[in-house]
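Right, one structure below, let's go through it.
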Amino acid sequence: MDETGVLGLIEELSILLEDSKPVFGKNNLRQVDIAAAFEILDEIRDIFPTEFSQSRQIVRERQTLLDDAEAEANRMIEDARSQAMTIASEQEIVRISQQQADTIMADARDLERQTRAGAEDYADEVFGHVEQSLETLIANVRRCRDRLNANSLQSR
């Protein structure tokens, strides 16, 4: 589901409310096709599980990225250590190997940090978008309920 699904339905609900006819003599009250409004709300409810599922998938993918980066870093570290032990016969070769291993380890750690930061930033952005969508939806639902309750009170 693309990110415009819920927002599109909220816009559709807003248009339904805006296009509804005012109650005679009361501009702040509207006659709304309740079936159409409930149909839109049902569609929103159907979409939310998909978006939550997508969010969980993003978290899983982020963890996989982090695990892969860590495994790659460990492999690189182990490779560097193995190479250093294999050619430890001469002092100069050992020293050069240790420098290379340290560089590889630093690069691997830096890559892991960068990958982790990128994955966390991406997940935070997605969660921020989901949070914003939810807040907008909740605000719209509250507004609709308030209007519905106001209509209900005045029709009694």
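All residue names refer to the structure tokens as shown: chains lettered A, B, ... in order, residues numbered from 1 in each chain, ligands numbered from 1 in order.
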- Query: Within 12 Å of Ala106 in chain A, counting only C-alpha atoms, which residues qualify if same-chain residues fewer than 5 places away don't, as JSON, numbers by chain?
  - Reply: {"A": [73, 74, 76, 77, 80, 99, 100, 101, 111, 112, 113]}
- Check the smallest atom-to-atom distance from each of A:Leu66, A:Arg81, A:Gly25, A:Glu125 to Thr103 in chain A using only C-alpha atoms, then report the winner.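 The answer is A:Arg81, which sits nearest to Thr103 in chain A.
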- Task: Would you mind telling me which residue in A:Glu120, A:Glu135, A:Glu12, A:Glu72 lies nearest to Arg60 in chain A when using only C-alpha atoms?
- Result: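 Nearest to Arg60 in chain A: A:Glu120.
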- Query: Skipping near chain neighbours, those fewer than 2 positions away, what residues fall within 9 Å of Val130 in chain A using only C-alpha atoms, listed as JSON, numbers by chain?
  - Reply: {"A": [3, 51, 52, 55, 125, 126, 127, 128, 132, 133, 134, 135]}
- Note on the structure: The residue from A:Thr86, A:Ser97, A:Gln154, A:Ile47 with the smallest atom-to-atom distance to Gly8 in chain A, counting only C-alpha atoms, is A:Ile47
- Please indicate the distance in Å from CA of Asp146 in chain A to CA of Val32 in chain A, rounded to one decimal place.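 Those two atoms sit 13.3 Å apart.
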- Task: Could you give me, as a ChimeraX atom specification, each residue of chain A that DSSP assigns to strand (DSSP E or B) when run on this structure's backbone?
- Result: /A:21-23,26-31
- From A:Arg147, A:Lys26, A:Arg56, A:Arg62, residue lying nearest Ala119 in chain A [only C-alpha atoms]: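 Among A:Arg147, A:Lys26, A:Arg56, A:Arg62, it is A:Arg62 that comes nearest to Ala119 in chain A.
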- Query: For the atom pair CA of Arg45 in chain A and CA of Val6 in chain A, what is the interatomic distance in Å to one decimal place?
  - Reply: 9.0 Å
- Message: Report as a list in words all protein, DNA and RNA residues lying within 12 Å of Val23 in chain A, evaluated on only C-alpha atoms, omitting residues in the same chain fewer than 6 positions from it.
- Response: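 The neighbour list is Leu29, Arg30, Gln31, Val32, Ala150, Asn151, Gln154 and Ser155 of chain A.
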Taking N, CA and C atoms for each residue, export the selection above as an mmCIF file, in the first residue's frame.
```cif
data_model
loop_
_atom_site.group_PDB
_atom_site.id
_atom_site.type_symbol
_atom_site.label_atom_id
_atom_site.label_comp_id
_atom_site.auth_asym_id
_atom_site.auth_seq_id
_atom_site.Cartn_x
_atom_site.Cartn_y
_atom_site.Cartn_z
ATOM 1 N N LEU A 29 -24.152 22.803 11.054
ATOM 2 C CA LEU A 29 -24.594 21.402 11.027
ATOM 3 C C LEU A 29 -24.765 20.962 9.583
ATOM 4 N N ARG A 30 -24.427 19.694 9.313
ATOM 5 C CA ARG A 30 -24.480 19.174 7.946
ATOM 6 C C ARG A 30 -25.257 17.856 7.906
ATOM 7 N N GLN A 31 -25.862 17.605 6.769
ATOM 8 C CA GLN A 31 -26.506 16.317 6.522
ATOM 9 C C GLN A 31 -25.495 15.468 5.756
ATOM 10 N N VAL A 32 -25.041 14.396 6.389
ATOM 11 C CA VAL A 32 -23.989 13.562 5.804
ATOM 12 C C VAL A 32 -24.557 12.190 5.488
ATOM 13 N N ALA A 150 -22.576 16.528 17.658
ATOM 14 C CA ALA A 150 -23.283 17.812 17.619
ATOM 15 C C ALA A 150 -24.583 17.656 16.837
ATOM 16 N N ASN A 151 -24.530 16.952 15.728
ATOM 17 C CA ASN A 151 -25.731 16.703 14.926
ATOM 18 C C ASN A 151 -26.730 15.889 15.723
ATOM 19 N N GLN A 154 -28.415 18.012 18.454
ATOM 20 C CA GLN A 154 -29.357 19.004 17.956
ATOM 21 C C GLN A 154 -30.585 18.367 17.337
ATOM 22 N N SER A 155 -30.480 17.130 16.939
ATOM 23 C CA SER A 155 -31.646 16.474 16.335
ATOM 24 C C SER A 155 -32.565 15.863 17.387
#
```
